[in-house]
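Okay, run.txt now, which holds compact mmCIF, C-alpha atoms:
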```txt
# COMPACT_ATOMS: atom_id res chain seq x y z
CA MET A 1 0.00 0.00 0.00
CA ARG A 2 1.33 3.42 -0.91
CA ARG A 3 1.13 6.06 1.76
CA GLY A 4 0.45 9.68 0.97
CA ASN A 5 2.59 12.61 2.02
CA GLY A 6 -0.25 14.85 3.09
CA ARG A 7 -0.54 16.51 -0.32
CA GLY A 8 -1.81 13.60 -2.35
CA GLU A 9 1.60 12.52 -3.59
CA PRO A 10 2.51 8.91 -2.80
CA GLU A 11 5.76 8.48 -0.91
CA THR A 12 6.94 5.69 -3.19
CA ARG A 13 6.76 8.00 -6.16
CA LYS A 14 8.73 10.66 -4.28
CA GLY A 15 11.40 8.13 -3.48
CA ARG A 16 11.78 7.25 -7.17
CA GLN A 17 12.23 10.83 -8.36
CA GLY A 18 15.66 11.42 -9.81
CA LEU A 19 18.00 14.33 -9.32
CA PRO A 20 16.68 16.48 -12.24
CA ALA A 21 13.06 16.14 -11.08
CA ARG A 22 13.95 17.03 -7.50
CA LEU A 23 15.99 20.03 -8.63
CA ARG A 24 12.99 21.38 -10.53
CA ASN A 25 10.80 21.19 -7.44
CA PRO A 26 12.97 20.88 -4.31
CA PRO A 27 11.55 20.99 -0.78
CA GLY A 28 11.24 24.67 0.05
CA GLY A 29 10.43 25.92 -3.47
CA ARG A 30 12.24 28.93 -4.89
CA ASN A 31 14.32 29.56 -1.77
CA ALA A 32 15.67 26.03 -1.96
CA ARG A 33 16.51 26.26 -5.66
CA VAL A 34 18.47 29.47 -5.13
CA MET A 35 20.28 28.11 -2.08
CA LEU A 36 21.37 25.01 -3.95
CA LEU A 37 23.10 27.33 -6.40
CA ALA A 38 24.49 29.43 -3.56
CA LEU A 39 26.37 26.51 -2.05
CA ASP A 40 29.86 27.52 -3.07
CA ARG A 41 31.43 24.09 -3.36
CA THR A 42 33.22 24.83 -6.63
CA GLY A 43 35.20 27.52 -4.85
CA SER A 44 35.72 25.19 -1.89
CA GLY A 45 37.06 22.54 -4.26
CA LEU A 46 39.49 25.10 -5.63
CA TRP A 47 40.70 25.93 -2.12
CA ALA A 48 41.00 22.33 -0.96
CA ALA A 49 43.05 21.32 -3.99
CA SER A 50 45.24 24.43 -4.27
CA SER A 51 45.68 25.97 -0.81
CA VAL A 52 48.59 23.77 0.29
CA LEU A 53 50.32 24.25 -3.07
CA TYR A 54 49.79 28.02 -2.86
CA LEU A 55 51.22 28.18 0.66
CA THR A 56 54.19 26.05 -0.44
CA PHE A 57 55.19 27.61 -3.76
CA VAL A 58 53.93 31.20 -3.47
CA THR A 59 54.30 32.10 0.21
CA GLN A 60 57.30 29.73 0.65
CA LEU A 61 56.10 28.27 3.95
CA SER A 62 57.64 25.06 5.26
CA ALA A 63 55.63 21.88 5.74
CA GLN A 64 55.72 22.38 9.52
CA GLN A 65 54.43 25.93 9.20
CA ILE A 66 51.62 24.84 6.87
CA GLY A 67 50.64 22.07 9.28
CA MET A 68 50.51 24.49 12.21
CA LEU A 69 48.66 27.07 10.12
CA LEU A 70 45.89 24.66 9.07
CA GLY A 71 45.75 23.08 12.54
CA VAL A 72 45.19 26.41 14.30
CA ALA A 73 42.68 27.37 11.62
CA GLY A 74 40.79 24.13 12.24
CA VAL A 75 40.62 24.89 15.97
CA ALA A 76 39.34 28.40 15.21
CA GLY A 77 36.68 26.87 12.97
CA ILE A 78 35.22 24.99 15.96
CA ALA A 79 33.88 28.29 17.30
CA GLY A 80 32.11 29.08 14.01
CA SER A 81 29.07 26.83 14.51
CA PRO A 82 28.05 27.87 18.06
CA LEU A 83 28.75 31.52 17.29
CA ALA A 84 26.53 31.37 14.19
CA GLY A 85 23.83 29.51 16.13
CA ARG A 86 23.79 32.14 18.87
CA LEU A 87 23.54 34.97 16.34
CA ALA A 88 20.86 33.15 14.36
CA GLY A 89 18.73 33.00 17.51
CA ARG A 90 18.71 36.81 17.60
CA PHE A 91 19.03 37.93 13.98
CA PRO A 92 17.67 36.75 10.60
CA VAL A 93 19.65 33.94 8.97
CA ARG A 94 19.78 35.47 5.49
CA PRO A 95 21.93 38.58 6.26
CA LEU A 96 24.14 36.50 8.56
CA LEU A 97 24.86 34.06 5.74
CA ILE A 98 25.59 36.90 3.33
CA GLY A 99 27.97 38.31 5.94
CA CYS A 100 29.82 34.98 6.17
CA HIS A 101 30.29 34.88 2.40
CA LEU A 102 31.60 38.45 2.34
CA LEU A 103 33.85 37.78 5.33
CA ARG A 104 35.54 34.94 3.45
CA LEU A 105 35.82 37.14 0.37
CA VAL A 106 37.78 39.70 2.41
CA THR A 107 40.02 37.13 4.11
CA LEU A 108 40.94 35.41 0.83
CA VAL A 109 41.89 38.74 -0.69
CA LEU A 110 44.08 39.29 2.37
CA VAL A 111 45.65 35.85 1.79
CA LEU A 112 46.80 37.14 -1.60
CA LEU A 113 48.30 40.22 0.05
CA CYS A 114 50.03 38.47 2.97
CA SER A 115 53.28 36.59 2.64
CA GLY A 116 54.56 35.73 6.12
CA PHE A 117 53.44 33.04 8.55
CA GLU A 118 52.52 35.55 11.28
CA ALA A 119 50.29 37.55 8.92
CA LEU A 120 48.61 34.51 7.35
CA LEU A 121 47.79 32.79 10.65
CA PRO A 122 44.93 35.08 11.80
CA VAL A 123 43.66 35.54 8.25
CA ILE A 124 43.26 31.84 7.51
CA ALA A 125 41.90 31.21 11.03
CA VAL A 126 39.11 33.74 10.39
CA THR A 127 38.51 32.13 6.98
CA TYR A 128 37.91 28.76 8.61
CA LEU A 129 35.70 30.30 11.28
CA GLY A 130 33.57 31.93 8.58
CA ASP A 131 33.46 28.67 6.65
CA ARG A 132 32.09 26.65 9.58
CA ALA A 133 29.63 29.43 10.48
CA ALA A 134 28.35 29.53 6.90
CA LYS A 135 27.83 25.77 6.76
CA MET A 136 25.81 25.86 9.98
CA LEU A 137 23.68 28.76 8.70
CA GLU A 138 23.07 26.94 5.41
CA MET A 139 21.75 23.92 7.25
CA LEU A 140 19.59 26.07 9.54
CA PHE A 141 18.26 27.83 6.44
CA ALA A 142 17.45 24.42 4.96
CA THR A 143 15.76 23.27 8.16
CA ARG A 144 13.52 26.32 8.23
CA THR A 145 12.84 26.31 4.50
CA ALA A 146 12.09 22.63 3.97
CA GLY A 147 10.38 21.90 7.30
CA GLU A 148 9.61 18.20 7.70
CA ARG A 149 11.24 17.49 4.30
CA ARG A 150 14.62 18.80 5.44
CA ALA A 151 16.20 15.36 4.95
CA ALA A 152 15.25 15.43 1.26
CA TYR A 153 16.64 18.95 0.93
CA GLN A 154 19.85 17.98 2.71
CA ALA A 155 20.27 15.12 0.24
CA LEU A 156 20.09 17.60 -2.63
CA SER A 157 22.48 19.95 -0.84
CA ARG A 158 25.02 17.13 -0.72
CA SER A 159 24.51 15.63 -4.20
CA VAL A 160 24.62 18.86 -6.21
CA PRO A 161 27.55 20.52 -4.42
CA ASN A 162 29.65 17.36 -4.65
CA GLY A 163 29.61 17.82 -8.40
CA GLY A 164 30.67 21.44 -7.93
CA TYR A 165 33.41 20.39 -5.51
CA ALA A 166 34.76 17.92 -8.04
CA LEU A 167 34.66 20.62 -10.72
CA GLY A 168 36.63 22.98 -8.49
CA ALA A 169 39.23 20.32 -7.76
CA GLY A 170 39.53 19.69 -11.50
CA ILE A 171 40.03 23.40 -12.23
CA ALA A 172 42.71 23.49 -9.53
CA ALA A 173 44.82 21.17 -11.70
CA ILE A 174 45.58 24.26 -13.79
CA GLY A 175 47.93 25.49 -11.05
CA PRO A 176 50.43 22.62 -11.15
CA ALA A 177 50.07 22.38 -14.94
CA VAL A 178 51.06 26.02 -15.46
CA GLY A 179 53.39 26.07 -12.47
CA THR A 180 53.60 29.86 -12.00
CA SER A 181 52.81 31.96 -8.94
CA ASP A 182 50.19 33.90 -10.91
CA ALA A 183 48.37 30.65 -11.72
CA TYR A 184 48.08 29.77 -8.04
CA ARG A 185 46.97 33.31 -7.21
CA ALA A 186 44.29 33.05 -9.88
CA LEU A 187 42.91 29.92 -8.19
CA ILE A 188 42.67 31.66 -4.81
CA LEU A 189 41.01 34.62 -6.50
CA GLY A 190 38.53 32.27 -8.17
CA ASN A 191 37.57 30.92 -4.75
CA ALA A 192 37.10 34.48 -3.46
CA LEU A 193 34.85 35.34 -6.41
CA SER A 194 32.68 32.30 -5.68
CA PHE A 195 31.70 33.96 -2.40
CA VAL A 196 30.56 37.08 -4.27
CA ILE A 197 28.25 34.93 -6.40
CA ALA A 198 27.00 33.01 -3.35
CA ALA A 199 26.24 36.24 -1.46
CA ALA A 200 24.37 37.67 -4.47
CA LEU A 201 22.24 34.53 -4.76
CA VAL A 202 21.37 34.52 -1.06
CA TRP A 203 20.39 38.18 -1.41
CA HIS A 204 17.62 37.09 -3.81
CA THR A 205 16.06 34.69 -1.30
CA SER A 206 13.47 35.49 1.34
CA GLU A 207 14.02 34.97 5.06
CA PRO A 208 12.75 31.48 5.99
CA ARG A 209 10.39 31.02 8.90
CA ASP A 210 10.95 28.44 11.57
CA LYS A 211 8.48 25.56 11.33
CA PRO A 212 7.30 22.95 13.81
CA ILE A 213 9.23 19.70 13.79
CA GLU A 214 7.95 16.15 13.94
CA VAL A 215 9.26 13.84 16.62
CA ALA A 216 8.38 10.38 17.84
CA ARG A 217 5.80 9.68 20.51
CA SER A 218 6.66 7.38 23.34
CA ASP A 219 4.81 4.60 21.53
CA GLY A 220 7.10 4.93 18.50
CA SER A 221 4.61 6.69 16.20
CA ALA A 222 5.15 10.13 14.73
CA ALA A 223 3.55 13.24 16.12
CA GLY A 224 3.77 16.81 14.95
CA ALA A 225 3.25 19.50 17.55
CA PRO A 226 1.06 22.29 16.14
CA ALA A 227 2.37 25.81 15.91
CA GLY A 228 1.93 27.71 19.15
CA LYS A 229 1.63 24.48 21.17
CA GLN A 230 5.22 23.35 21.25
CA PRO A 231 6.54 21.58 24.35
CA PRO A 232 8.03 24.16 26.72
CA VAL A 233 11.75 24.81 26.43
CA ARG A 234 13.20 23.46 29.65
CA ARG A 235 16.58 25.08 29.26
CA ALA A 236 17.38 28.39 27.66
CA THR A 237 20.83 27.33 26.52
CA PRO A 238 22.24 24.08 25.10
CA TRP A 239 25.35 24.52 27.24
CA ARG A 240 23.29 23.55 30.32
CA ASP A 241 21.40 20.74 28.59
CA ARG A 242 23.31 17.60 29.57
CA GLY A 243 21.24 15.34 27.35
CA TYR A 244 21.94 17.39 24.24
CA LEU A 245 25.60 17.87 25.09
CA THR A 246 25.88 14.09 25.46
CA PHE A 247 24.46 13.71 21.96
CA VAL A 248 26.98 16.23 20.58
CA LEU A 249 29.87 14.53 22.38
CA LEU A 250 28.92 11.11 21.02
CA ASP A 251 28.45 12.61 17.56
CA ILE A 252 32.17 13.46 17.31
CA PRO A 253 33.25 9.84 16.61
CA MET A 254 30.16 9.54 14.38
CA ASN A 255 31.98 11.87 11.96
CA LEU A 256 35.28 9.98 11.74
CA ASP A 257 34.51 8.77 8.21
CA ASP A 258 35.78 12.15 6.97
CA SER A 259 39.26 11.70 8.44
CA ILE A 260 39.43 8.05 7.41
CA LEU A 261 38.66 8.95 3.78
CA ASN A 262 40.96 11.96 3.51
CA VAL A 263 43.80 10.98 5.86
CA GLY A 264 43.62 7.34 6.95
CA LEU A 265 43.09 5.65 3.60
CA PRO A 266 45.85 7.41 1.60
CA LEU A 267 48.43 7.23 4.42
CA TRP A 268 47.67 3.57 5.13
CA LEU A 269 47.94 2.88 1.40
CA VAL A 270 51.36 4.50 1.13
CA ASN A 271 52.93 3.31 4.38
CA ARG A 272 51.51 -0.12 5.17
CA THR A 273 50.22 -1.83 2.00
CA SER A 274 51.65 -3.03 -1.31
CA ALA A 275 48.93 -1.31 -3.38
CA PRO A 276 50.15 1.23 -5.98
CA HIS A 277 50.34 4.84 -4.78
CA ALA A 278 48.44 5.98 -7.86
CA LEU A 279 45.35 4.39 -6.31
CA ALA A 280 44.91 7.30 -3.86
CA PRO A 281 42.89 9.60 -6.20
CA ALA A 282 40.45 6.73 -6.81
CA PHE A 283 39.26 7.02 -3.20
CA LEU A 284 37.90 10.53 -3.78
CA ILE A 285 36.47 9.56 -7.15
CA ILE A 286 34.54 6.69 -5.57
CA ASN A 287 33.36 8.99 -2.80
CA THR A 288 32.20 11.81 -5.07
CA VAL A 289 30.41 9.60 -7.60
CA THR A 290 28.71 7.48 -4.93
CA VAL A 291 27.44 10.50 -3.00
CA VAL A 292 26.05 12.13 -6.15
CA VAL A 293 24.32 8.92 -7.27
CA LEU A 294 23.01 7.52 -3.97
CA GLN A 295 22.56 10.40 -1.52
CA ILE A 296 18.99 11.22 -2.54
CA SER A 297 17.71 7.65 -2.44
CA VAL A 298 19.46 6.94 0.88
CA SER A 299 18.03 10.08 2.50
CA ALA A 300 14.54 9.29 1.16
CA ARG A 301 14.67 5.93 2.93
CA ALA A 302 15.88 7.47 6.20
CA GLU A 303 13.34 10.26 6.73
CA GLY A 304 11.61 10.46 10.08
CA PRO A 305 12.73 9.99 13.68
CA ARG A 306 12.78 6.19 13.82
CA ARG A 307 14.69 5.76 10.57
CA ALA A 308 17.15 8.53 11.46
CA THR A 309 18.04 6.87 14.76
CA ARG A 310 18.32 3.50 13.01
CA ALA A 311 20.82 5.10 10.62
CA VAL A 312 23.11 5.66 13.62
CA LEU A 313 23.43 1.89 14.02
CA LEU A 314 24.04 1.42 10.30
CA TYR A 315 26.80 4.01 10.47
CA GLY A 316 28.53 2.12 13.28
CA ALA A 317 28.26 -1.19 11.42
CA MET A 318 29.68 0.25 8.20
CA MET A 319 32.55 1.91 10.02
CA PHE A 320 33.45 -1.40 11.63
CA VAL A 321 33.44 -3.11 8.21
CA CYS A 322 35.60 -0.32 6.74
CA CYS A 323 38.14 -0.59 9.56
CA ALA A 324 38.20 -4.37 9.17
CA PHE A 325 39.01 -3.94 5.47
CA LEU A 326 41.85 -1.55 6.32
CA ALA A 327 43.25 -4.04 8.83
CA ALA A 328 43.11 -6.78 6.18
CA ALA A 329 44.77 -4.63 3.50
CA THR A 330 48.23 -5.41 4.87
CA ARG A 331 47.85 -9.09 3.97
CA GLY A 332 48.15 -10.54 0.50
CA GLY A 333 49.72 -9.16 -2.65
CA THR A 334 49.24 -5.99 -4.65
CA ARG A 335 45.96 -7.02 -6.27
CA ALA A 336 44.41 -8.13 -3.01
CA ALA A 337 45.46 -4.93 -1.22
CA THR A 338 44.08 -2.83 -4.09
CA ALA A 339 40.72 -4.60 -4.04
CA VAL A 340 40.40 -4.38 -0.25
CA LEU A 341 41.30 -0.67 -0.15
CA LEU A 342 38.79 0.14 -2.89
CA ALA A 343 36.16 -1.78 -0.94
CA ALA A 344 37.08 0.21 2.18
CA ALA A 345 36.66 3.47 0.23
CA LEU A 346 33.21 2.38 -0.91
CA VAL A 347 32.09 1.29 2.57
CA VAL A 348 33.34 4.48 4.26
CA THR A 349 31.40 6.44 1.64
CA LEU A 350 28.27 4.46 2.48
CA ALA A 351 28.93 5.33 6.12
CA GLU A 352 29.12 8.99 5.10
CA LEU A 353 25.71 8.68 3.44
CA MET A 354 24.31 7.32 6.71
CA ARG A 355 26.03 10.06 8.69
CA SER A 356 24.33 12.76 6.63
CA VAL A 357 21.05 11.53 8.16
CA SER A 358 22.13 10.14 11.53
CA SER A 359 23.98 13.31 12.57
CA TRP A 360 21.96 16.36 11.49
CA GLU A 361 18.44 14.91 11.60
CA PRO A 362 18.60 13.90 15.29
CA ALA A 363 20.29 17.22 16.05
CA VAL A 364 17.18 18.98 14.74
CA LEU A 365 14.70 16.60 16.35
CA LEU A 366 16.36 16.73 19.78
CA ALA A 367 16.49 20.54 19.90
CA PRO A 368 13.65 22.44 21.61
CA GLN A 369 11.62 24.48 19.13
CA GLY A 370 12.22 27.85 20.77
CA ALA A 371 16.01 27.53 20.92
CA ARG A 372 16.72 25.47 17.81
CA ALA A 373 19.27 27.84 16.27
CA ALA A 374 21.48 27.89 19.37
CA TYR A 375 21.20 24.12 19.78
CA LEU A 376 22.12 23.43 16.15
CA GLY A 377 25.08 25.75 16.48
CA VAL A 378 26.42 23.59 19.31
CA ALA A 379 25.64 20.40 17.36
CA GLY A 380 27.73 21.71 14.46
CA MET A 381 30.80 21.64 16.68
CA SER A 382 31.04 17.85 16.49
CA GLN A 383 32.13 17.91 12.85
CA SER A 384 34.58 20.76 13.45
CA ILE A 385 36.14 19.00 16.46
CA GLN A 386 36.48 15.81 14.46
CA LYS A 387 38.28 17.66 11.67
CA SER A 388 40.85 18.86 14.22
CA ALA A 389 41.14 15.75 16.40
CA GLY A 390 40.50 13.01 13.82
CA PRO A 391 43.76 13.19 11.81
CA PRO A 392 46.03 13.18 14.91
CA LEU A 393 44.02 10.29 16.35
CA LEU A 394 44.45 8.21 13.20
CA THR A 395 48.13 8.99 12.64
CA GLY A 396 49.24 9.06 16.27
CA ALA A 397 47.30 6.14 17.74
CA VAL A 398 45.34 4.01 15.29
CA MET A 399 47.91 3.64 12.51
CA ALA A 400 50.78 3.39 14.99
CA ALA A 401 49.08 0.32 16.48
CA GLY A 402 48.88 -1.35 13.08
CA PRO A 403 45.94 -3.52 11.93
CA ALA A 404 44.82 -4.03 15.53
CA GLY A 405 44.40 -0.27 15.86
CA TRP A 406 41.85 -0.25 13.04
CA LEU A 407 39.91 -3.13 14.57
CA VAL A 408 39.77 -1.39 17.95
CA LEU A 409 38.63 1.87 16.33
CA GLY A 410 35.90 0.10 14.37
CA ALA A 411 34.65 -1.71 17.46
CA LEU A 412 34.60 1.51 19.49
CA VAL A 413 32.63 3.43 16.87
CA ALA A 414 30.16 0.56 16.48
CA GLY A 415 29.69 0.37 20.25
CA LEU A 416 29.25 4.12 20.59
CA SER A 417 26.65 4.06 17.81
CA VAL A 418 24.51 1.77 20.00
CA VAL A 419 24.87 4.18 22.93
CA GLN A 420 24.04 7.14 20.69
CA ARG A 421 20.94 5.48 19.31
CA ARG A 422 19.60 4.67 22.77
CA ALA A 423 20.31 8.22 23.98
CA CYS A 424 18.46 9.69 20.99
CA THR A 425 15.46 7.41 21.52
CA ARG A 426 15.18 8.34 25.19
CA ARG A 427 15.48 12.03 24.40
CA LEU A 428 12.79 11.89 21.70
CA ARG A 429 10.38 10.27 24.13
CA THR A 430 10.90 12.93 26.79
CA LEU A 431 10.42 15.78 24.30
CA THR A 432 7.05 14.56 23.03
CA PRO A 433 3.88 14.05 25.03
CA PRO A 434 2.33 10.57 24.86
CA ALA A 435 -0.34 9.85 22.27
CA PRO A 436 -3.86 10.70 23.44
CA LYS A 437 -5.79 7.77 24.80
CA ARG A 438 -8.87 6.64 22.94
CA THR A 439 -12.06 7.08 24.90
CA THR A 440 -15.24 5.11 24.40
CA PRO A 441 -18.57 6.93 24.63
CA ALA A 442 -20.64 6.23 27.72
CA PRO A 443 -23.63 3.94 27.09
CA VAL A 444 -26.95 5.68 26.65
CA SER A 445 -29.36 4.66 29.39
```

Is it possible to give me this structure as structure tokens?
Amino acid sequence: MRRGNGRGEPETRKGRQGLPARLRNPPGGRNARVMLLALDRTGSGLWAASSVLYLTFVTQLSAQQIGMLLGVAGVAGIAGSPLAGRLAGRFPVRPLLIGCHLLRLVTLVLVLLCSGFEALLPVIAVTYLGDRAAKMLEMLFATRTAGERRAAYQALSRSVPNGGYALGAGIAAIGPAVGTSDAYRALILGNALSFVIAAALVWHTSEPRDKPIEVARSDGSAAGAPAGKQPPVRRATPWRDRGYLTFVLLDIPMNLDDSILNVGLPLWLVNRTSAPHALAPAFLIINTVTVVVLQISVSARAEGPRRATRAVLLYGAMMFVCCAFLAAATRGGTRAATAVLLAAALVVTLAELMRSVSSWEPAVLLAPQGARAAYLGVAGMSQSIQKSAGPPLLTGAVMAAGPAGWLVLGALVAGLSVVQRRACTRRLRTLTPPAPKRTTPAPVS
């Protein structure tokens, strides 16, 4: 039996819609279409692929200085999400997001004008802070624009920009091909100009309104609290909400797929396996293509509170399988190692698809309606902290312990996913009143 979506459209038909159909009519209407264009991933791809080369060949920084520069910038980025969430609770999201785009425009221009380590350090730190703040505001914008269909919108906001990110990384190949300082400067300038376009597109949107969210009743069914009758906000700030802070803390290891893909896989390939080094770019190709092709269908099958919390368990299981593949990659010959590493890249990408639902969706559902912006700002810290702590954890502990280190990491993440799922389920039940009891009419005498 096909269930309706409240507007006469069967859910099974929605789930079969492809990317072009969803882009023509995304959740949130015109605002959503404009915001999908405003996601500046092409510029981000340019920066990711060219920033280290620019700092090496143009500014003449050493590898140690670049590592410290990006490390400090990553720590500064942690403050971006809660700061943006606090501001979004007091001011409209739209001008704040425009401000983040323009802030990064200014800092990237300053990057072109600065040459020394001391001058670049605060500039790039502010760039990363603005980047994390903008990502949080984009997701809050999506939450308010798409309402209960935010998971479908988030799927689009991951599929479409991944193509742009890949395009930016491809354009960045011009720098090494030309090999001049002006070529690298042109790439940084191209990233800066992408923020001008993004800010102009956001300017043509309308400020989204916050909408009621749907959570699970204590009996496991869904219930939407009507506007004006939301459960009372028990705490004015997420920093005093132990239950929510526990969720955010547990969500940090639920983001480790990012570090495994970008740091763990290539370093393990080079240092501990017999697979060819030229295999490393294939990991990102598998990731990008898989996300573009599968993100929408995966998100469509994980909408709603119960499915989102179940995705937490799937994430833990896939991370364990990925880590087991990495542990096994040291055995066998070149072909076996190549096949196992490619399988690990595919599985960690599938884990990323689960994380896109299991991380943000519960963060929205667990946040009280009246303080959602501040709560989501704190939730956004988990990804930023992982980006700073994940690489040192993998290189300093997991990889140093050899194959056993990967098995221990996989088991820990899988175990924590069970704890996270139980915590989310308990929290959802406390936030939502029980379903009304059915009453039978009194007999007529």

Select, from A:Met319, A:Thr143, A:Leu121, A:Ser206, the residue with the minimum atom-to-atom distance to A:Val34, counting only C-alpha atoms.
A:Ser206

Residues near A:Met68, cut-off 12 Å, all atoms listed in the file, skip fewer than 5 positions along chain, as a ChimeraX atom specification
/A:61-63,73-75,117-118,120-122,124-125,388

Between atom CA of A:Leu409 and atom CA of A:Ala328, distance in Å (one decimal):
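Those two atoms sit 14.1 Å apart.
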
Which residues, written as a PDB file with C-alpha atoms, in the frame of the given file, have at least one atom at most 9 Å from A:Arg421, with only C-alpha atoms counted and residues fewer than 5 positions away on the same chain left out?
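To be explicit, this is the file written out as out.pdb:
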```pdb
ATOM      1  CA  THR A 309      18.040   6.870  14.760  1.00  0.00           C
ATOM      2  CA  ARG A 310      18.320   3.500  13.010  1.00  0.00           C
ATOM      3  CA  ALA A 311      20.820   5.100  10.620  1.00  0.00           C
ATOM      4  CA  VAL A 312      23.110   5.660  13.620  1.00  0.00           C
ATOM      5  CA  LEU A 313      23.430   1.890  14.020  1.00  0.00           C
ATOM      6  CA  LEU A 416      29.250   4.120  20.590  1.00  0.00           C
ATOM      7  CA  ARG A 426      15.180   8.340  25.190  1.00  0.00           C
TER       8      ARG A 426
END
```

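Nearest residue to A:Leu261, choosing from A:Pro95, A:Gly410, A:Gly170, A:Pro281 and counting all atoms listed in the file: A:Pro281.
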
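Here atom CA of A:Gln383 and atom CA of A:Gly29 stand 28.3 Å from one another.
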
For A:Arg272, the nearest of the candidates A:Leu70, A:Val378, A:Ala400, A:Ala373, counting all atoms listed in the file
A:Ala400

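Closest approach to A:Ala172 among A:Leu156, A:Met136, A:Leu189, A:Ala397 is made by A:Leu189 (distances from all atoms listed in the file).
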
Enter the distance from atom CA of A:His204 to atom CA of A:Gly89, in Å, rounded to one decimal.
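If I compute the distance from atom CA of A:His204 to atom CA of A:Gly89, I get 21.7 Å.
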
Can you tell me, as a VMD selection string, what residues are no more than 9 Å from A:Ala282 when counting only C-alpha atoms, ignoring any on the same chain fewer than 5 positions away?
chain A and resid 287 342 345

I'd like to know which of A:Val270, A:Val298, A:Gly164, A:Ser50 is closest to A:Arg185, using all atoms listed in the file.
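Checking each of A:Val270, A:Val298, A:Gly164, A:Ser50 against A:Arg185, counting all atoms listed in the file, the winner is A:Ser50.
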
Could you write stretch 280-292 of chain A as a PDB file, in the coordinates of the input, with N, CA, C and O atoms rebuilt where they are missing?
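Below is the file that was written, result.pdb:
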```
ATOM      1  N   ALA A 280      45.462   6.326  -4.812  1.00  0.00           N
ATOM      2  CA  ALA A 280      44.910   7.300  -3.860  1.00  0.00           C
ATOM      3  C   ALA A 280      43.813   8.189  -4.459  1.00  0.00           C
ATOM      4  O   ALA A 280      42.773   8.384  -3.823  1.00  0.00           O
ATOM      5  N   PRO A 281      43.979   8.773  -5.662  1.00  0.00           N
ATOM      6  CA  PRO A 281      42.890   9.600  -6.200  1.00  0.00           C
ATOM      7  C   PRO A 281      41.589   8.834  -6.409  1.00  0.00           C
ATOM      8  O   PRO A 281      40.508   9.432  -6.406  1.00  0.00           O
ATOM      9  N   ALA A 282      41.670   7.525  -6.587  1.00  0.00           N
ATOM     10  CA  ALA A 282      40.450   6.730  -6.810  1.00  0.00           C
ATOM     11  C   ALA A 282      39.537   6.769  -5.594  1.00  0.00           C
ATOM     12  O   ALA A 282      38.318   6.634  -5.732  1.00  0.00           O
ATOM     13  N   PHE A 283      40.089   6.967  -4.399  1.00  0.00           N
ATOM     14  CA  PHE A 283      39.260   7.020  -3.200  1.00  0.00           C
ATOM     15  C   PHE A 283      38.274   8.185  -3.276  1.00  0.00           C
ATOM     16  O   PHE A 283      37.082   8.031  -2.983  1.00  0.00           O
ATOM     17  N   LEU A 284      38.775   9.352  -3.676  1.00  0.00           N
ATOM     18  CA  LEU A 284      37.900  10.530  -3.780  1.00  0.00           C
ATOM     19  C   LEU A 284      36.937  10.402  -4.940  1.00  0.00           C
ATOM     20  O   LEU A 284      35.800  10.892  -4.871  1.00  0.00           O
ATOM     21  N   ILE A 285      37.371   9.765  -6.017  1.00  0.00           N
ATOM     22  CA  ILE A 285      36.470   9.560  -7.150  1.00  0.00           C
ATOM     23  C   ILE A 285      35.300   8.670  -6.741  1.00  0.00           C
ATOM     24  O   ILE A 285      34.125   8.973  -7.027  1.00  0.00           O
ATOM     25  N   ILE A 286      35.601   7.585  -6.050  1.00  0.00           N
ATOM     26  CA  ILE A 286      34.540   6.690  -5.570  1.00  0.00           C
ATOM     27  C   ILE A 286      33.604   7.449  -4.635  1.00  0.00           C
ATOM     28  O   ILE A 286      32.372   7.333  -4.731  1.00  0.00           O
ATOM     29  N   ASN A 287      34.164   8.241  -3.751  1.00  0.00           N
ATOM     30  CA  ASN A 287      33.360   8.990  -2.800  1.00  0.00           C
ATOM     31  C   ASN A 287      32.437   9.982  -3.500  1.00  0.00           C
ATOM     32  O   ASN A 287      31.220  10.033  -3.236  1.00  0.00           O
ATOM     33  N   THR A 288      32.988  10.772  -4.403  1.00  0.00           N
ATOM     34  CA  THR A 288      32.200  11.810  -5.070  1.00  0.00           C
ATOM     35  C   THR A 288      31.081  11.200  -5.906  1.00  0.00           C
ATOM     36  O   THR A 288      29.920  11.616  -5.819  1.00  0.00           O
ATOM     37  N   VAL A 289      31.406  10.209  -6.715  1.00  0.00           N
ATOM     38  CA  VAL A 289      30.410   9.600  -7.600  1.00  0.00           C
ATOM     39  C   VAL A 289      29.312   8.917  -6.784  1.00  0.00           C
ATOM     40  O   VAL A 289      28.116   9.058  -7.082  1.00  0.00           O
ATOM     41  N   THR A 290      29.693   8.203  -5.739  1.00  0.00           N
ATOM     42  CA  THR A 290      28.710   7.480  -4.930  1.00  0.00           C
ATOM     43  C   THR A 290      27.764   8.440  -4.227  1.00  0.00           C
ATOM     44  O   THR A 290      26.547   8.199  -4.163  1.00  0.00           O
ATOM     45  N   VAL A 291      28.294   9.526  -3.681  1.00  0.00           N
ATOM     46  CA  VAL A 291      27.440  10.500  -3.000  1.00  0.00           C
ATOM     47  C   VAL A 291      26.460  11.128  -3.974  1.00  0.00           C
ATOM     48  O   VAL A 291      25.264  11.280  -3.677  1.00  0.00           O
ATOM     49  N   VAL A 292      26.935  11.504  -5.164  1.00  0.00           N
ATOM     50  CA  VAL A 292      26.050  12.130  -6.150  1.00  0.00           C
ATOM     51  C   VAL A 292      24.942  11.160  -6.570  1.00  0.00           C
ATOM     52  O   VAL A 292      23.776  11.537  -6.712  1.00  0.00           O
TER      53      VAL A 292
END
```
